[in-house]
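*Asks:* Pasting entry01.cif below, which is mmCIF, C-alpha atoms.
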```
data_coords
#
loop_
_atom_site.label_atom_id
_atom_site.label_comp_id
_atom_site.auth_asym_id
_atom_site.auth_seq_id
_atom_site.Cartn_x
_atom_site.Cartn_y
_atom_site.Cartn_z
CA MET A 133 7.10 4.87 -22.76
CA SER A 134 7.00 3.53 -19.25
CA PHE A 135 7.52 0.20 -17.50
CA ILE A 136 5.12 -0.63 -14.69
CA VAL A 137 5.45 -3.36 -12.05
CA ALA A 138 2.27 -3.92 -10.01
CA ILE A 139 2.48 -5.75 -6.69
CA ASP A 140 -0.75 -6.57 -4.89
CA GLY A 141 -1.62 -8.49 -1.75
CA PRO A 142 -3.18 -8.23 1.69
CA ALA A 143 -1.99 -6.13 4.63
CA GLY A 144 1.38 -7.05 6.13
CA VAL A 145 2.50 -9.43 3.40
CA GLY A 146 5.69 -7.47 2.72
CA LYS A 147 4.73 -5.55 -0.41
CA GLY A 148 6.49 -2.40 0.76
CA THR A 149 9.75 -4.20 1.57
CA ILE A 150 9.78 -6.00 -1.77
CA ALA A 151 8.91 -2.84 -3.72
CA LYS A 152 11.74 -0.90 -2.06
CA VAL A 153 14.41 -3.49 -2.88
CA VAL A 154 13.12 -4.05 -6.42
CA ALA A 155 13.03 -0.30 -7.06
CA GLU A 156 16.70 0.01 -6.10
CA LYS A 157 17.80 -3.01 -8.15
CA PHE A 158 16.00 -2.02 -11.35
CA ASN A 159 16.16 1.76 -10.88
CA LEU A 160 12.38 2.09 -10.65
CA ILE A 161 10.44 4.80 -8.85
CA ASN A 162 8.63 3.27 -5.87
CA ILE A 163 5.07 4.58 -5.50
CA ASP A 164 3.44 3.46 -2.25
CA THR A 165 -0.30 3.82 -2.90
CA GLY A 166 -1.08 2.67 0.64
CA ALA A 167 0.72 5.75 1.92
CA THR A 168 -1.65 7.99 -0.05
CA PHE A 169 -4.69 6.40 1.64
CA ARG A 170 -2.95 6.67 5.00
CA CYS A 171 -2.34 10.38 4.42
CA VAL A 172 -6.02 10.98 3.74
CA THR A 173 -6.90 8.95 6.84
CA LEU A 174 -4.45 10.91 9.01
CA GLU A 175 -5.80 14.22 7.74
CA MET A 176 -9.39 13.10 8.42
CA LEU A 177 -8.39 12.14 11.97
CA ASN A 178 -6.56 15.43 12.48
CA LYS A 179 -9.61 17.39 11.34
CA ASN A 180 -12.09 15.07 13.08
CA ILE A 181 -13.89 14.33 9.81
CA LYS A 182 -16.24 11.34 9.98
CA LEU A 183 -16.80 8.72 7.27
CA ASP A 184 -20.30 9.99 6.45
CA GLU A 185 -19.30 13.66 6.09
CA GLU A 186 -18.89 13.53 2.31
CA ASP A 187 -18.80 17.30 1.71
CA LYS A 188 -15.93 17.71 4.17
CA ILE A 189 -14.08 14.75 2.65
CA ILE A 190 -14.44 16.20 -0.86
CA ARG A 191 -13.10 19.54 0.38
CA LEU A 192 -10.18 17.79 2.07
CA LEU A 193 -9.34 15.88 -1.12
CA THR A 194 -9.22 19.11 -3.17
CA GLU A 195 -6.90 20.77 -0.65
CA ILE A 196 -4.59 17.93 0.36
CA ASN A 197 -1.06 17.68 -1.04
CA ILE A 198 0.68 14.28 -0.95
CA GLU A 199 4.24 13.69 -2.16
CA ILE A 200 6.62 10.76 -1.98
CA LYS A 201 10.27 11.79 -2.20
CA LYS A 202 13.62 10.07 -1.83
CA VAL A 203 15.83 11.79 0.76
CA GLU A 204 19.29 10.38 1.48
CA GLY A 205 18.25 7.04 0.02
CA GLU A 206 15.02 6.82 2.04
CA ASP A 207 11.48 7.26 0.72
CA ILE A 208 9.64 9.84 2.81
CA VAL A 209 5.96 10.72 2.67
CA LEU A 210 5.00 14.39 2.80
CA LEU A 211 1.51 15.49 3.77
CA ASN A 212 1.04 19.19 3.04
CA GLY A 213 4.81 19.59 3.22
CA LYS A 214 5.26 17.73 6.53
CA ASP A 215 7.12 14.42 6.85
CA VAL A 216 4.51 11.94 8.15
CA SER A 217 6.35 8.72 7.23
CA LEU A 218 6.10 7.36 10.78
CA GLU A 219 2.83 9.02 11.78
CA ILE A 220 0.84 7.27 9.04
CA ARG A 221 1.97 3.84 10.39
CA THR A 222 0.60 4.25 13.91
CA PRO A 223 -2.14 1.95 15.29
CA LYS A 224 -4.60 4.86 15.20
CA VAL A 225 -4.22 5.21 11.43
CA ASN A 226 -4.14 1.41 10.98
CA GLU A 227 -7.55 1.20 12.61
CA PHE A 228 -9.24 3.65 10.25
CA VAL A 229 -7.39 3.33 6.93
CA SER A 230 -9.50 0.42 5.62
CA PRO A 231 -12.88 2.12 6.24
CA VAL A 232 -11.53 5.29 4.64
CA SER A 233 -10.19 3.33 1.64
CA THR A 234 -13.64 1.82 1.01
CA LEU A 235 -15.07 5.27 0.29
CA LYS A 236 -15.70 5.61 -3.43
CA ILE A 237 -14.88 9.33 -3.52
CA VAL A 238 -11.50 8.70 -1.87
CA ARG A 239 -10.56 5.83 -4.19
CA GLU A 240 -11.57 7.75 -7.33
CA ASN A 241 -9.60 10.83 -6.29
CA LEU A 242 -6.46 8.92 -5.34
CA LEU A 243 -6.68 6.77 -8.47
CA HIS A 244 -6.04 9.87 -10.57
CA LEU A 245 -3.23 10.97 -8.24
CA GLN A 246 -1.52 7.56 -8.40
CA ARG A 247 -1.69 7.46 -12.20
CA LYS A 248 -0.39 11.02 -12.45
CA MET A 249 2.55 10.18 -10.17
CA SER A 250 3.47 7.36 -12.58
CA GLU A 251 3.07 9.08 -15.96
CA GLY A 252 5.96 8.44 -18.35
CA LYS A 253 8.09 6.79 -15.65
CA ASN A 254 9.46 3.34 -14.88
CA VAL A 255 7.73 2.51 -11.63
CA ILE A 256 6.88 -0.19 -9.15
CA VAL A 257 3.52 0.30 -7.49
CA GLU A 258 2.16 -1.74 -4.59
CA GLY A 259 -1.30 -1.91 -3.09
CA ARG A 260 -4.46 -4.00 -3.20
CA ASP A 261 -6.00 -3.12 -6.54
CA ILE A 262 -3.00 -2.05 -8.63
CA GLY A 263 -3.12 -4.89 -11.17
CA THR A 264 -6.92 -4.94 -11.31
CA THR A 265 -7.91 -1.26 -11.19
CA VAL A 266 -5.07 1.29 -11.05
CA PHE A 267 -2.80 -0.23 -13.71
CA PRO A 268 -4.69 -3.11 -15.39
CA ASN A 269 -2.17 -2.97 -18.27
CA ALA A 270 0.94 -3.18 -16.07
CA ASP A 271 3.94 -4.94 -17.65
CA VAL A 272 4.41 -7.16 -14.59
CA LYS A 273 1.71 -8.22 -12.11
CA ILE A 274 2.58 -10.09 -8.93
CA TYR A 275 0.21 -11.11 -6.13
CA LEU A 276 1.88 -11.83 -2.79
CA ASP A 277 0.08 -13.79 -0.08
CA ALA A 278 0.72 -15.26 3.39
CA THR A 279 -1.33 -16.47 6.34
CA PRO A 280 -2.78 -13.80 8.69
CA GLU A 281 -0.65 -15.20 11.54
CA GLU A 282 2.58 -14.84 9.59
CA ARG A 283 1.66 -11.35 8.43
CA ALA A 284 0.85 -10.28 11.99
CA ARG A 285 4.21 -11.63 13.20
CA ARG A 286 6.05 -9.62 10.55
CA ARG A 287 4.07 -6.45 11.27
CA VAL A 288 4.85 -6.68 15.00
CA LYS A 289 8.56 -7.04 14.18
CA GLN A 290 8.40 -3.98 11.90
CA ASN A 291 6.58 -1.92 14.53
CA ILE A 292 9.12 -2.83 17.22
CA GLU A 293 11.95 -1.76 14.90
CA LYS A 294 10.19 1.58 14.36
CA GLY A 295 9.53 2.06 18.07
CA ILE A 296 5.76 1.58 17.75
CA GLU A 297 4.24 -0.27 20.71
CA CYS A 298 1.77 -3.06 19.93
CA SER A 299 0.88 -6.63 20.86
CA TYR A 300 0.72 -9.65 18.56
CA GLU A 301 -2.94 -10.24 19.45
CA GLU A 302 -4.09 -6.73 18.53
CA VAL A 303 -2.06 -6.76 15.30
CA LEU A 304 -3.50 -10.15 14.29
CA GLU A 305 -7.02 -8.88 14.93
CA SER A 306 -6.27 -5.76 12.87
CA VAL A 307 -4.86 -7.85 10.00
CA LYS A 308 -7.92 -10.12 9.91
CA ASN A 309 -10.26 -7.15 10.08
CA ARG A 310 -8.47 -5.41 7.21
CA ASP A 311 -8.63 -8.58 5.12
CA LYS A 312 -12.38 -8.73 5.62
CA ILE A 313 -12.94 -5.05 4.78
CA ASP A 314 -10.53 -4.99 1.83
CA SER A 315 -11.95 -8.14 0.24
CA SER A 316 -15.61 -7.25 0.66
CA ARG A 317 -15.64 -3.55 -0.21
CA GLU A 318 -17.80 -2.56 -3.16
CA THR A 319 -15.25 -0.36 -4.90
CA ALA A 320 -12.02 -2.02 -6.14
CA PRO A 321 -11.87 -4.92 -3.66
CA LEU A 322 -8.67 -6.80 -2.89
CA LYS A 323 -8.36 -9.64 -5.38
CA ARG A 324 -5.78 -11.25 -7.60
CA ALA A 325 -5.72 -10.14 -11.25
CA GLU A 326 -6.28 -13.06 -13.61
CA ASP A 327 -2.87 -12.54 -15.24
CA ALA A 328 -0.96 -11.91 -11.99
CA ILE A 329 1.72 -14.36 -10.84
CA TYR A 330 0.76 -15.71 -7.41
CA ILE A 331 3.44 -16.20 -4.74
CA ASP A 332 2.68 -17.63 -1.30
CA CYS A 333 5.49 -16.31 0.87
CA THR A 334 4.37 -17.76 4.21
CA LYS A 335 7.21 -20.25 4.43
CA ILE A 336 9.90 -18.80 2.17
CA SER A 337 12.69 -16.46 3.15
CA LEU A 338 12.92 -12.85 2.03
CA GLU A 339 15.94 -13.74 -0.10
CA GLU A 340 14.02 -16.53 -1.87
CA LEU A 341 11.06 -14.24 -2.47
CA LEU A 342 13.24 -11.46 -3.85
CA ASN A 343 15.05 -13.83 -6.22
CA ARG A 344 11.70 -15.08 -7.54
CA VAL A 345 10.46 -11.51 -8.09
CA PHE A 346 13.77 -10.53 -9.74
CA GLU A 347 13.43 -13.44 -12.20
CA ILE A 348 9.87 -12.47 -13.12
CA ILE A 349 10.80 -8.83 -13.80
CA GLU A 350 13.99 -9.69 -15.71
CA GLU A 351 12.02 -11.99 -18.02
CA LYS A 352 9.60 -9.15 -18.87
CA MET A 353 12.34 -6.55 -19.30
#
```
Starting from the coordinates I provided, produce the structure as structure tokens.

*Replies:*
Amino acid sequence: MSFIVAIDGPAGVGKGTIAKVVAEKFNLINIDTGATFRCVTLEMLNKNIKLDEEDKIIRLLTEINIEIKKVEGEDIVLLNGKDVSLEIRTPKVNEFVSPVSTLKIVRENLLHLQRKMSEGKNVIVEGRDIGTTVFPNADVKIYLDATPEERARRRVKQNIEKGIECSYEEVLESVKNRDKIDSSRETAPLKRAEDAIYIDCTKISLEELLNRVFEIIEEKM
């Protein structure tokens, strides 16, 4: 048996932060599905593979190795054995990850990987289609939301803390562009599952948001 918490929402809403804290509190394995798409994007950029080169993308997907491991209390992302935790968060990857994630072949391949990573485990999984597509039978489904402006402000703060240079204007434009692509893509678009609990976290503190999420999970457990 396994216990699955699915957290969905648009870019920059804080899904990763929430998932990390919740994982520690409830001893769940944190599976960052966004990191898997970012790894594919980074590898495509490294190999100069274009969006319409399907044969090359298929070959890449059969050869790529993605792992998420906890090292000294921190979740690190390994791409073919190399730690790319910071590299997959750069503006270059941010720009291309949404177009890559719209590709049906990529989503289908990573869907199997994400489910395999979760088999028989108690996990928290965050993304854009977790409660609707990846784990439609999840025990807990939460949809987080916030205005594009607030999400851009948070993303800039995160980037500064990680030493990534960016401006508020370019991040806001990126956030709005990702919203448009993620919501309108043909395969597994960003949308709230009918049975997901909706939380608008634009004007609430992180502590308030965490307490609300804790309550929801504790009720289900």

*Asks:* Calculate how many Å separate CA of Glu219 in chain A from CA of Lys273 in chain A, rounding to one decimal.

*Replies:*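 Between these atoms lies a distance of 29.5 Å.
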
*Asks:* What would the selection look like, as a list in words, if the PyMOL selection byres ((chain A and resi 307) around 8) were run on the coordinates I just shared?

*Replies:*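 So the PyMOL selection byres ((chain A and resi 307) around 8), applied here, picks out Ala143, Gly144, Pro280, Arg283, Ala284, Val303, Leu304, Glu305, Ser306, Lys308, Asn309, Arg310 and Asp311 of chain A.
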
*Asks:* Between CA of Ala138 in chain A and CA of Val225 in chain A, what distance in Å does the model show, to one decimal?

*Replies:* 24.2 Å

*Asks:* Smallest atom-to-atom distance to Val216 in chain A: which of A:Val266, A:Ile189, A:Val257, A:Val172, using all atoms listed in the file?

*Replies:* A:Val172

*Asks:* A:Ile196, A:Leu160, A:Ala320, A:Ile336: which is nearest Glu282 in chain A, counting all atoms listed in the file?

*Replies:*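 Result for the nearest residue to Glu282 in chain A: A:Ile336.
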
*Asks:* Since I can't run it myself right now, could you work out what the PyMOL selection byres ((chain A and resi 242) around 12) selects here and report it as an mmCIF file with C-alpha atoms, in the coordinates of the input?

*Replies:*
```cif
data_model
loop_
_atom_site.group_PDB
_atom_site.id
_atom_site.type_symbol
_atom_site.label_atom_id
_atom_site.label_comp_id
_atom_site.auth_asym_id
_atom_site.auth_seq_id
_atom_site.Cartn_x
_atom_site.Cartn_y
_atom_site.Cartn_z
ATOM 1 C CA ASP A 164 3.440 3.460 -2.250
ATOM 2 C CA THR A 165 -0.300 3.820 -2.900
ATOM 3 C CA GLY A 166 -1.080 2.670 0.640
ATOM 4 C CA ALA A 167 0.720 5.750 1.920
ATOM 5 C CA THR A 168 -1.650 7.990 -0.050
ATOM 6 C CA PHE A 169 -4.690 6.400 1.640
ATOM 7 C CA ARG A 170 -2.950 6.670 5.000
ATOM 8 C CA CYS A 171 -2.340 10.380 4.420
ATOM 9 C CA VAL A 172 -6.020 10.980 3.740
ATOM 10 C CA ILE A 190 -14.440 16.200 -0.860
ATOM 11 C CA LEU A 193 -9.340 15.880 -1.120
ATOM 12 C CA THR A 194 -9.220 19.110 -3.170
ATOM 13 C CA ILE A 196 -4.590 17.930 0.360
ATOM 14 C CA ASN A 197 -1.060 17.680 -1.040
ATOM 15 C CA ILE A 198 0.680 14.280 -0.950
ATOM 16 C CA VAL A 232 -11.530 5.290 4.640
ATOM 17 C CA SER A 233 -10.190 3.330 1.640
ATOM 18 C CA THR A 234 -13.640 1.820 1.010
ATOM 19 C CA LEU A 235 -15.070 5.270 0.290
ATOM 20 C CA LYS A 236 -15.700 5.610 -3.430
ATOM 21 C CA ILE A 237 -14.880 9.330 -3.520
ATOM 22 C CA VAL A 238 -11.500 8.700 -1.870
ATOM 23 C CA ARG A 239 -10.560 5.830 -4.190
ATOM 24 C CA GLU A 240 -11.570 7.750 -7.330
ATOM 25 C CA ASN A 241 -9.600 10.830 -6.290
ATOM 26 C CA LEU A 243 -6.680 6.770 -8.470
ATOM 27 C CA HIS A 244 -6.040 9.870 -10.570
ATOM 28 C CA LEU A 245 -3.230 10.970 -8.240
ATOM 29 C CA GLN A 246 -1.520 7.560 -8.400
ATOM 30 C CA ARG A 247 -1.690 7.460 -12.200
ATOM 31 C CA LYS A 248 -0.390 11.020 -12.450
ATOM 32 C CA MET A 249 2.550 10.180 -10.170
ATOM 33 C CA ILE A 262 -3.000 -2.050 -8.630
ATOM 34 C CA THR A 265 -7.910 -1.260 -11.190
ATOM 35 C CA VAL A 266 -5.070 1.290 -11.050
#
```

*Asks:* Evaluated on this file, the PyMOL selection byres ((chain A and resi 252) around 8) picks out some residues - which ones are they, written as a list in words?

*Replies:*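 Listing what the PyMOL selection byres ((chain A and resi 252) around 8) selects in the shown file: Met133, Ser134, Ser250, Glu251, Lys253 and Asn254 of chain A.
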
*Asks:* Around the point (8.6, 15.0, -2.5) (coordinates from the file), which residues reach within 6 Å if we count only C-alpha atoms? Answer as an NGL selection string.

*Replies:* :A and (199-201)

*Asks:* Using C-alpha atoms, can you export the residues from the last selection as a PDB file, in the frame of the given file?

*Replies:*
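What landed in selection.pdb:
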```
ATOM      1  CA  GLU A 199       4.240  13.690  -2.160  1.00  0.00           C
ATOM      2  CA  ILE A 200       6.620  10.760  -1.980  1.00  0.00           C
ATOM      3  CA  LYS A 201      10.270  11.790  -2.200  1.00  0.00           C
TER       4      LYS A 201
END
```

*Asks:* Using only C-alpha atoms, which residues sit within 9 Å of Leu338 in chain A once same-chain residues fewer than 5 positions away are excluded, as a PDB file with C-alpha atoms, in the coordinates of the input?

*Replies:*
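What landed in selection31.pdb:
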```
ATOM      1  CA  ILE A 150       9.780  -6.000  -1.770  1.00  0.00           C
ATOM      2  CA  CYS A 333       5.490 -16.310   0.870  1.00  0.00           C
ATOM      3  CA  ASN A 343      15.050 -13.830  -6.220  1.00  0.00           C
TER       4      ASN A 343
END
```

*Asks:* Which residue, A:Asp314, A:Glu156, A:Glu301, A:Asp215, has the smallest gap to Phe346 in chain A when you use only C-alpha atoms?

*Replies:* A:Glu156

*Asks:* Let me make sure I understand: among A:Lys147, A:Thr173, A:Ile220, A:Ser230, which one has the smallest atom-to-atom distance to Lys312 in chain A if we use all atoms listed in the file?

*Replies:*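 Between A:Lys147, A:Thr173, A:Ile220, A:Ser230, the residue approaching Lys312 in chain A most closely is A:Ser230.
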
*Asks:* So how many Å separate CA of Arg260 in chain A and CA of Asn291 in chain A, to one decimal?

*Replies:*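 So the answer is 21.0 Å.
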
*Asks:* Do a neighbour search on Lys188 in chain A at 10 Å with all atoms listed in the file, toss out local chain neighbours closer than 6 positions, and write the hits as a ChimeraX atom specification.

*Replies:* /A:176,179,181-182

*Asks:* In the coordinate frame of the file, compute which residues have an atom within 12 Å of (-7.0, -5.9, -18.2) when using only C-alpha atoms, and state them as a PyMOL selection string.

*Replies:* chain A and resi 262-271+273+324-328

*Asks:* Work out where the centre of an axis-aligned box around every listed atom of range 307-312 of chain A lies and how long its edges are once 3 Å is added on each side; give both in Å to one decimal as lines of an AutoDock Vina configuration file.

*Replies:*
```
center_x = -8.6
center_y = -7.8
center_z = 7.6
size_x = 13.5
size_y = 10.7
size_z = 11.0
```

*Asks:* Which one of A:Glu302, A:Glu350, A:Asp261, A:Asp207 sits closest to Lys157 in chain A if you count only C-alpha atoms?

*Replies:*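 With only C-alpha atoms as the atom set, the closest residue is A:Glu350.
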
*Asks:* Using all atoms listed in the file, can you tell me which of A:Ile331, A:Arg317, A:Glu297, A:Glu351 comes closest to Thr222 in chain A?

*Replies:*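 Nearest candidate to Thr222 in chain A out of A:Ile331, A:Arg317, A:Glu297, A:Glu351: A:Glu297.
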
*Asks:* Could you pull range 286-297 of chain A out of the structure I just pasted and write it to a file containing all heavy atoms, as a PDB file, in the first residue's frame?

*Replies:*
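part-v6.pdb, freshly written:
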```pdb
ATOM      1  N   ARG A 286       8.055  36.038  -5.862  1.00  0.00           N
ATOM      2  CA  ARG A 286       8.636  34.928  -5.104  1.00  0.00           C
ATOM      3  C   ARG A 286       9.780  34.268  -5.874  1.00  0.00           C
ATOM      4  O   ARG A 286      10.800  33.900  -5.291  1.00  0.00           O
ATOM      5  CB  ARG A 286       7.556  33.885  -4.788  1.00  0.00           C
ATOM      6  CG  ARG A 286       6.470  34.390  -3.851  1.00  0.00           C
ATOM      7  CD  ARG A 286       5.412  33.318  -3.652  1.00  0.00           C
ATOM      8  NE  ARG A 286       4.255  33.824  -2.914  1.00  0.00           N
ATOM      9  CZ  ARG A 286       3.162  33.087  -2.661  1.00  0.00           C
ATOM     10  NH1 ARG A 286       3.087  31.844  -3.088  1.00  0.00           N
ATOM     11  NH2 ARG A 286       2.155  33.611  -1.971  1.00  0.00           N
ATOM     12  N   ARG A 287       9.586  34.102  -7.188  1.00  0.00           N
ATOM     13  CA  ARG A 287      10.615  33.453  -8.006  1.00  0.00           C
ATOM     14  C   ARG A 287      11.892  34.285  -8.053  1.00  0.00           C
ATOM     15  O   ARG A 287      12.996  33.749  -7.988  1.00  0.00           O
ATOM     16  CB  ARG A 287      10.058  33.216  -9.420  1.00  0.00           C
ATOM     17  CG  ARG A 287      11.013  32.525 -10.399  1.00  0.00           C
ATOM     18  CD  ARG A 287      11.505  31.176  -9.926  1.00  0.00           C
ATOM     19  NE  ARG A 287      10.448  30.225  -9.653  1.00  0.00           N
ATOM     20  CZ  ARG A 287       9.874  29.441 -10.586  1.00  0.00           C
ATOM     21  NH1 ARG A 287      10.223  29.562 -11.850  1.00  0.00           N
ATOM     22  NH2 ARG A 287       8.957  28.557 -10.247  1.00  0.00           N
ATOM     23  N   VAL A 288      11.749  35.608  -8.134  1.00  0.00           N
ATOM     24  CA  VAL A 288      12.917  36.495  -8.129  1.00  0.00           C
ATOM     25  C   VAL A 288      13.678  36.335  -6.816  1.00  0.00           C
ATOM     26  O   VAL A 288      14.908  36.240  -6.802  1.00  0.00           O
ATOM     27  CB  VAL A 288      12.499  37.968  -8.336  1.00  0.00           C
ATOM     28  CG1 VAL A 288      13.675  38.903  -8.051  1.00  0.00           C
ATOM     29  CG2 VAL A 288      12.005  38.185  -9.755  1.00  0.00           C
ATOM     30  N   LYS A 289      12.942  36.294  -5.715  1.00  0.00           N
ATOM     31  CA  LYS A 289      13.552  36.137  -4.385  1.00  0.00           C
ATOM     32  C   LYS A 289      14.322  34.811  -4.305  1.00  0.00           C
ATOM     33  O   LYS A 289      15.451  34.769  -3.810  1.00  0.00           O
ATOM     34  CB  LYS A 289      12.452  36.176  -3.318  1.00  0.00           C
ATOM     35  CG  LYS A 289      12.971  36.166  -1.888  1.00  0.00           C
ATOM     36  CD  LYS A 289      11.831  36.465  -0.922  1.00  0.00           C
ATOM     37  CE  LYS A 289      12.317  36.468   0.522  1.00  0.00           C
ATOM     38  NZ  LYS A 289      12.300  35.163   1.143  1.00  0.00           N
ATOM     39  N   GLN A 290      13.715  33.742  -4.822  1.00  0.00           N
ATOM     40  CA  GLN A 290      14.372  32.432  -4.826  1.00  0.00           C
ATOM     41  C   GLN A 290      15.646  32.457  -5.664  1.00  0.00           C
ATOM     42  O   GLN A 290      16.685  31.933  -5.253  1.00  0.00           O
ATOM     43  CB  GLN A 290      13.421  31.359  -5.389  1.00  0.00           C
ATOM     44  CG  GLN A 290      12.293  30.968  -4.460  1.00  0.00           C
ATOM     45  CD  GLN A 290      11.356  29.958  -5.109  1.00  0.00           C
ATOM     46  OE1 GLN A 290      11.359  29.779  -6.325  1.00  0.00           O
ATOM     47  NE2 GLN A 290      10.536  29.311  -4.304  1.00  0.00           N
ATOM     48  N   ASN A 291      15.557  33.082  -6.845  1.00  0.00           N
ATOM     49  CA  ASN A 291      16.715  33.137  -7.738  1.00  0.00           C
ATOM     50  C   ASN A 291      17.871  33.910  -7.109  1.00  0.00           C
ATOM     51  O   ASN A 291      19.036  33.508  -7.226  1.00  0.00           O
ATOM     52  CB  ASN A 291      16.327  33.779  -9.075  1.00  0.00           C
ATOM     53  CG  ASN A 291      15.515  32.840  -9.947  1.00  0.00           C
ATOM     54  OD1 ASN A 291      15.421  31.645  -9.688  1.00  0.00           O
ATOM     55  ND2 ASN A 291      14.906  33.383 -10.987  1.00  0.00           N
ATOM     56  N   ILE A 292      17.551  35.022  -6.446  1.00  0.00           N
ATOM     57  CA  ILE A 292      18.582  35.826  -5.786  1.00  0.00           C
ATOM     58  C   ILE A 292      19.278  34.996  -4.709  1.00  0.00           C
ATOM     59  O   ILE A 292      20.504  35.023  -4.577  1.00  0.00           O
ATOM     60  CB  ILE A 292      17.964  37.107  -5.177  1.00  0.00           C
ATOM     61  CG1 ILE A 292      17.536  38.070  -6.295  1.00  0.00           C
ATOM     62  CG2 ILE A 292      18.959  37.793  -4.241  1.00  0.00           C
ATOM     63  CD1 ILE A 292      16.749  39.266  -5.814  1.00  0.00           C
ATOM     64  N   GLU A 293      18.483  34.240  -3.949  1.00  0.00           N
ATOM     65  CA  GLU A 293      19.041  33.395  -2.887  1.00  0.00           C
ATOM     66  C   GLU A 293      19.960  32.314  -3.445  1.00  0.00           C
ATOM     67  O   GLU A 293      20.898  31.876  -2.794  1.00  0.00           O
ATOM     68  CB  GLU A 293      17.900  32.758  -2.080  1.00  0.00           C
ATOM     69  CG  GLU A 293      17.144  33.760  -1.212  1.00  0.00           C
ATOM     70  CD  GLU A 293      15.880  33.173  -0.599  1.00  0.00           C
ATOM     71  OE1 GLU A 293      15.536  32.024  -0.945  1.00  0.00           O
ATOM     72  OE2 GLU A 293      15.246  33.862   0.218  1.00  0.00           O
ATOM     73  N   LYS A 294      19.674  31.881  -4.688  1.00  0.00           N
ATOM     74  CA  LYS A 294      20.487  30.835  -5.324  1.00  0.00           C
ATOM     75  C   LYS A 294      21.615  31.417  -6.177  1.00  0.00           C
ATOM     76  O   LYS A 294      22.371  30.672  -6.798  1.00  0.00           O
ATOM     77  CB  LYS A 294      19.591  29.945  -6.207  1.00  0.00           C
ATOM     78  CG  LYS A 294      18.590  29.116  -5.419  1.00  0.00           C
ATOM     79  CD  LYS A 294      17.690  28.328  -6.362  1.00  0.00           C
ATOM     80  CE  LYS A 294      16.679  27.505  -5.579  1.00  0.00           C
ATOM     81  NZ  LYS A 294      15.746  26.774  -6.482  1.00  0.00           N
ATOM     82  N   GLY A 295      21.702  32.755  -6.213  1.00  0.00           N
ATOM     83  CA  GLY A 295      22.759  33.388  -6.983  1.00  0.00           C
ATOM     84  C   GLY A 295      22.487  33.460  -8.470  1.00  0.00           C
ATOM     85  O   GLY A 295      23.407  33.633  -9.275  1.00  0.00           O
ATOM     86  N   ILE A 296      21.204  33.321  -8.856  1.00  0.00           N
ATOM     87  CA  ILE A 296      20.821  33.390 -10.269  1.00  0.00           C
ATOM     88  C   ILE A 296      20.347  34.808 -10.581  1.00  0.00           C
ATOM     89  O   ILE A 296      19.409  35.309  -9.968  1.00  0.00           O
ATOM     90  CB  ILE A 296      19.697  32.377 -10.589  1.00  0.00           C
ATOM     91  CG1 ILE A 296      20.175  30.942 -10.296  1.00  0.00           C
ATOM     92  CG2 ILE A 296      19.261  32.496 -12.044  1.00  0.00           C
ATOM     93  CD1 ILE A 296      19.078  29.896 -10.401  1.00  0.00           C
ATOM     94  N   GLU A 297      21.012  35.453 -11.537  1.00  0.00           N
ATOM     95  CA  GLU A 297      20.654  36.828 -11.885  1.00  0.00           C
ATOM     96  C   GLU A 297      19.390  36.876 -12.750  1.00  0.00           C
ATOM     97  O   GLU A 297      19.242  36.083 -13.674  1.00  0.00           O
ATOM     98  CB  GLU A 297      21.811  37.493 -12.640  1.00  0.00           C
ATOM     99  CG  GLU A 297      23.021  37.788 -11.770  1.00  0.00           C
ATOM    100  CD  GLU A 297      24.080  38.577 -12.516  1.00  0.00           C
ATOM    101  OE1 GLU A 297      23.747  39.148 -13.567  1.00  0.00           O
ATOM    102  OE2 GLU A 297      25.229  38.604 -12.047  1.00  0.00           O
TER     103      GLU A 297
END
```
